[in-house]
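Chemist: Here it is: the structure, laid out below.
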Amino acid sequence: MIHFKRFVQIALFCLAGCAVAQDYPNRTVRILVGYVAGGSPDFVARALAQKLTDLLNQPFVIENKPGGGGVTATAQIVKFPADGYTLLMGDTSQLGIAPYIFKTLPYDTLKDLTPIAGLTSEPLMLVSSSKSNIKSLADLIQMIKVNPGKINYGSSGVGSIHHIAMESFKADAGLDMVHIPYKGSGQSVPAILAGDVPILVTAYTASAPHIKAGTLNLLAVTSGKRWSRFPDIPSVAEIVKDFDFSAETGVLAPAGLPPAITNKLAQAIKQASESADFLSKFKETGFTIGFMNPAEYTEQVKKNLRKYERAVALAKIQPE
């Protein structure tokens with residue numbers, strides 16, 4: 001009798017969940033973005049929101065909540081009900097790096113969020129100034145070994161994925177370089193073009209015009225394998241085994257989102273990610289579309305937390 005009652009309870013719970021999912025969404029859904037309009041996560045979020053609006057017949061709207069490298073938006077979303085009407089376009093910085101560079105964080109990535117779907121990855125570009133004698137990754141490694149501690153590289157700032165990726169590369173490849181932090185690519189790219197630093201690690205969108213113009217040399221990409229856009233350019237993983245510091249985005253919700261809604265959203269995001277009009281928006285960008293279902297994305301978030309814990313330690317960043 002007890003087992004039968006338990007079975008009935010489970011069946012009723014499942015039916016209730018299915019009913020909720022069938023009715024979802026019946027009003028506007030907000031997607032919080034922790035960065036200003038026009039940035040990479042915002043671009044992905046707006047492309048996705050437009051497609052989800054079409055697929056699910058309700059408005060999906062973007063709300064930009066910049067601050068703290070995405071921390072402000074994440075801190076806000078964990079306070080909302082887990083009903084599927086407030087989502088987060090999460091990225092590597094706020095999910096994987098922030099837990100190790102802030103002494104206190106108003107959320108726990110694993111406990112306070114429900115991963116719904118992984119969506120994009122974007123390798124970083126390791127570039128040199130055309131004014132330097134560094135034309136390849138081999139040139140860079142050779143020059144550093146001959147001049148340890150004398151070669152500078154620029155990044156978008158202390159604690160940025162660019163900084164952390166480069167420090168991990170340095171440590172694992174046994175290289176000695178000096179970090180010169182800037183305030184974003186708006187400062188770092190002009191600095192390398194002016195010859196202030198010979199090396200920079202930055203985003204594709206920031207460096208692409210200068211790579212095409214020949215004012216920057218593309219030495220390597222930071223993805224786990226060569227990037228199809230530049231098949232002749234090596235990945236850092238060819239020097240350092242298992243190296244992969246691509247910036248990633250995905251969709252999350254507050255913890256406790258009903259599985260039926262999680263799966264409905266994931267299926268819609270998968271359908272969006274495979275549609276021709278959605279993919280066409282990313283044709284000339286640095287993004288690779290790679291859908292991950294809730295279980296896969298959860299494992300990726302866990303993997304990134306382990307990776308960035310080690311990488312932040314290697315970078316010797318003191319939590320603030």
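Lettering and numbering for the structure tokens are positional, with chains as A, B, ... in the shown order, residues counted from 1 in each chain, and ligands counted from 1 in the shown order.
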Running DSSP on the backbone, which parts of stretch 138-296 of chain A land in alpha helix (DSSP H), as a PyMOL selection string?
Modeler: chain A and resi 138-146+161-173+185-193+204-213+259-273+276-280+294-296
Chemist: Let's have the selection written as a PDB file, in the first residue's frame, with C-alpha atoms.
Modeler:
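out-v7.pdb was written with the following content:
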ATOM      1  CA  ALA A 138      57.623  29.043 -32.393  1.00  0.00           C
ATOM      2  CA  ASP A 139      59.227  32.493 -32.704  1.00  0.00           C
ATOM      3  CA  LEU A 140      57.554  33.596 -29.484  1.00  0.00           C
ATOM      4  CA  ILE A 141      58.668  30.571 -27.485  1.00  0.00           C
ATOM      5  CA  GLN A 142      62.221  30.853 -28.783  1.00  0.00           C
ATOM      6  CA  MET A 143      62.412  34.583 -28.006  1.00  0.00           C
ATOM      7  CA  ILE A 144      61.099  34.080 -24.468  1.00  0.00           C
ATOM      8  CA  LYS A 145      63.627  31.335 -23.789  1.00  0.00           C
ATOM      9  CA  VAL A 146      66.467  33.566 -24.992  1.00  0.00           C
ATOM     10  CA  ILE A 161      40.103  35.180 -19.082  1.00  0.00           C
ATOM     11  CA  HIS A 162      42.847  36.603 -21.327  1.00  0.00           C
ATOM     12  CA  HIS A 163      45.160  37.102 -18.346  1.00  0.00           C
ATOM     13  CA  ILE A 164      44.344  33.753 -16.731  1.00  0.00           C
ATOM     14  CA  ALA A 165      44.752  31.804 -19.975  1.00  0.00           C
ATOM     15  CA  MET A 166      48.156  33.345 -20.643  1.00  0.00           C
ATOM     16  CA  GLU A 167      49.416  32.718 -17.132  1.00  0.00           C
ATOM     17  CA  SER A 168      48.359  29.088 -17.420  1.00  0.00           C
ATOM     18  CA  PHE A 169      50.199  28.839 -20.744  1.00  0.00           C
ATOM     19  CA  LYS A 170      53.298  30.382 -19.193  1.00  0.00           C
ATOM     20  CA  ALA A 171      53.279  28.000 -16.239  1.00  0.00           C
ATOM     21  CA  ASP A 172      52.629  24.815 -18.197  1.00  0.00           C
ATOM     22  CA  ALA A 173      55.075  25.668 -20.992  1.00  0.00           C
ATOM     23  CA  SER A 185      40.348  45.536 -25.464  1.00  0.00           C
ATOM     24  CA  GLY A 186      39.554  49.215 -26.030  1.00  0.00           C
ATOM     25  CA  GLN A 187      42.942  49.934 -24.427  1.00  0.00           C
ATOM     26  CA  SER A 188      44.921  46.753 -25.094  1.00  0.00           C
ATOM     27  CA  VAL A 189      44.465  46.622 -28.877  1.00  0.00           C
ATOM     28  CA  PRO A 190      45.600  50.253 -29.431  1.00  0.00           C
ATOM     29  CA  ALA A 191      48.567  49.520 -27.145  1.00  0.00           C
ATOM     30  CA  ILE A 192      49.851  46.640 -29.272  1.00  0.00           C
ATOM     31  CA  LEU A 193      49.187  48.565 -32.492  1.00  0.00           C
ATOM     32  CA  TYR A 204      38.597  37.612 -32.207  1.00  0.00           C
ATOM     33  CA  THR A 205      36.153  40.492 -32.641  1.00  0.00           C
ATOM     34  CA  ALA A 206      38.722  42.953 -31.275  1.00  0.00           C
ATOM     35  CA  SER A 207      41.647  41.628 -33.308  1.00  0.00           C
ATOM     36  CA  ALA A 208      40.047  40.438 -36.583  1.00  0.00           C
ATOM     37  CA  PRO A 209      40.241  43.751 -38.524  1.00  0.00           C
ATOM     38  CA  HIS A 210      43.923  44.103 -37.649  1.00  0.00           C
ATOM     39  CA  ILE A 211      44.730  40.473 -38.473  1.00  0.00           C
ATOM     40  CA  LYS A 212      43.097  40.969 -41.866  1.00  0.00           C
ATOM     41  CA  ALA A 213      44.960  44.258 -42.370  1.00  0.00           C
ATOM     42  CA  PRO A 259      12.769  19.649 -15.058  1.00  0.00           C
ATOM     43  CA  ALA A 260       9.844  19.880 -17.473  1.00  0.00           C
ATOM     44  CA  ILE A 261      10.497  23.598 -18.065  1.00  0.00           C
ATOM     45  CA  THR A 262      14.258  23.031 -18.167  1.00  0.00           C
ATOM     46  CA  ASN A 263      13.836  20.426 -20.892  1.00  0.00           C
ATOM     47  CA  LYS A 264      11.320  22.486 -22.860  1.00  0.00           C
ATOM     48  CA  LEU A 265      13.693  25.450 -22.910  1.00  0.00           C
ATOM     49  CA  ALA A 266      16.662  23.229 -23.778  1.00  0.00           C
ATOM     50  CA  GLN A 267      14.789  21.705 -26.718  1.00  0.00           C
ATOM     51  CA  ALA A 268      13.834  25.155 -27.993  1.00  0.00           C
ATOM     52  CA  ILE A 269      17.421  26.400 -27.639  1.00  0.00           C
ATOM     53  CA  LYS A 270      18.678  23.338 -29.519  1.00  0.00           C
ATOM     54  CA  GLN A 271      16.176  23.988 -32.291  1.00  0.00           C
ATOM     55  CA  ALA A 272      17.252  27.634 -32.412  1.00  0.00           C
ATOM     56  CA  SER A 273      20.959  26.722 -32.504  1.00  0.00           C
ATOM     57  CA  ALA A 276      19.827  28.562 -40.654  1.00  0.00           C
ATOM     58  CA  ASP A 277      18.771  32.118 -39.790  1.00  0.00           C
ATOM     59  CA  PHE A 278      20.296  31.854 -36.301  1.00  0.00           C
ATOM     60  CA  LEU A 279      23.563  30.390 -37.608  1.00  0.00           C
ATOM     61  CA  SER A 280      23.810  33.064 -40.283  1.00  0.00           C
ATOM     62  CA  PRO A 294      21.229  20.342 -19.369  1.00  0.00           C
ATOM     63  CA  ALA A 295      23.295  17.352 -18.214  1.00  0.00           C
ATOM     64  CA  GLU A 296      26.171  18.122 -20.595  1.00  0.00           C
TER      65      GLU A 296
END
Chemist: Tell me, as an NGL selection string, which residues lie within 12 Å of A:Ser228, counting only C-alpha atoms; anything in the same chain fewer than 4 positions away does not count.
Modeler: :A and (122-123 or 221 or 223-224 or 232-235 or 286-288)
Chemist: Once DSSP has gone over the backbone, tell me which residues of stretch 38-253 of chain A are in strand (DSSP E or B), as an MDAnalysis selection string.
Modeler: chainID A and resid 60:64 86:91 113:122 125:129 152:155 178:181 199:202 216:221 235 247:253
Chemist: Using only C-alpha atoms for the distances, tell me which of A:Met125, A:Ile134, A:Ala315, A:Val29 is nearest to A:His179.
Modeler: A:Ala315
Chemist: Please list as JSON, numbers by chain every residue within 7 Å of A:Ser129, counting only C-alpha atoms and excluding residues in the same chain fewer than 5 positions away.
Modeler: {"A": [192, 193, 195, 198, 199, 215, 216, 217]}
Chemist: Between A:Val61, A:Leu219, A:Ile97, A:Ala82, which has the minimum distance to A:Arg306 (counting only C-alpha atoms)?
Modeler: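 Checking each of A:Val61, A:Leu219, A:Ile97, A:Ala82 against A:Arg306, counting only C-alpha atoms, the winner is A:Ile97.
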Chemist: Quick one, how far is atom CA of A:Thr202 from atom CA of A:Leu126?
Modeler: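 Interatomic distance here is 6.7 Å.
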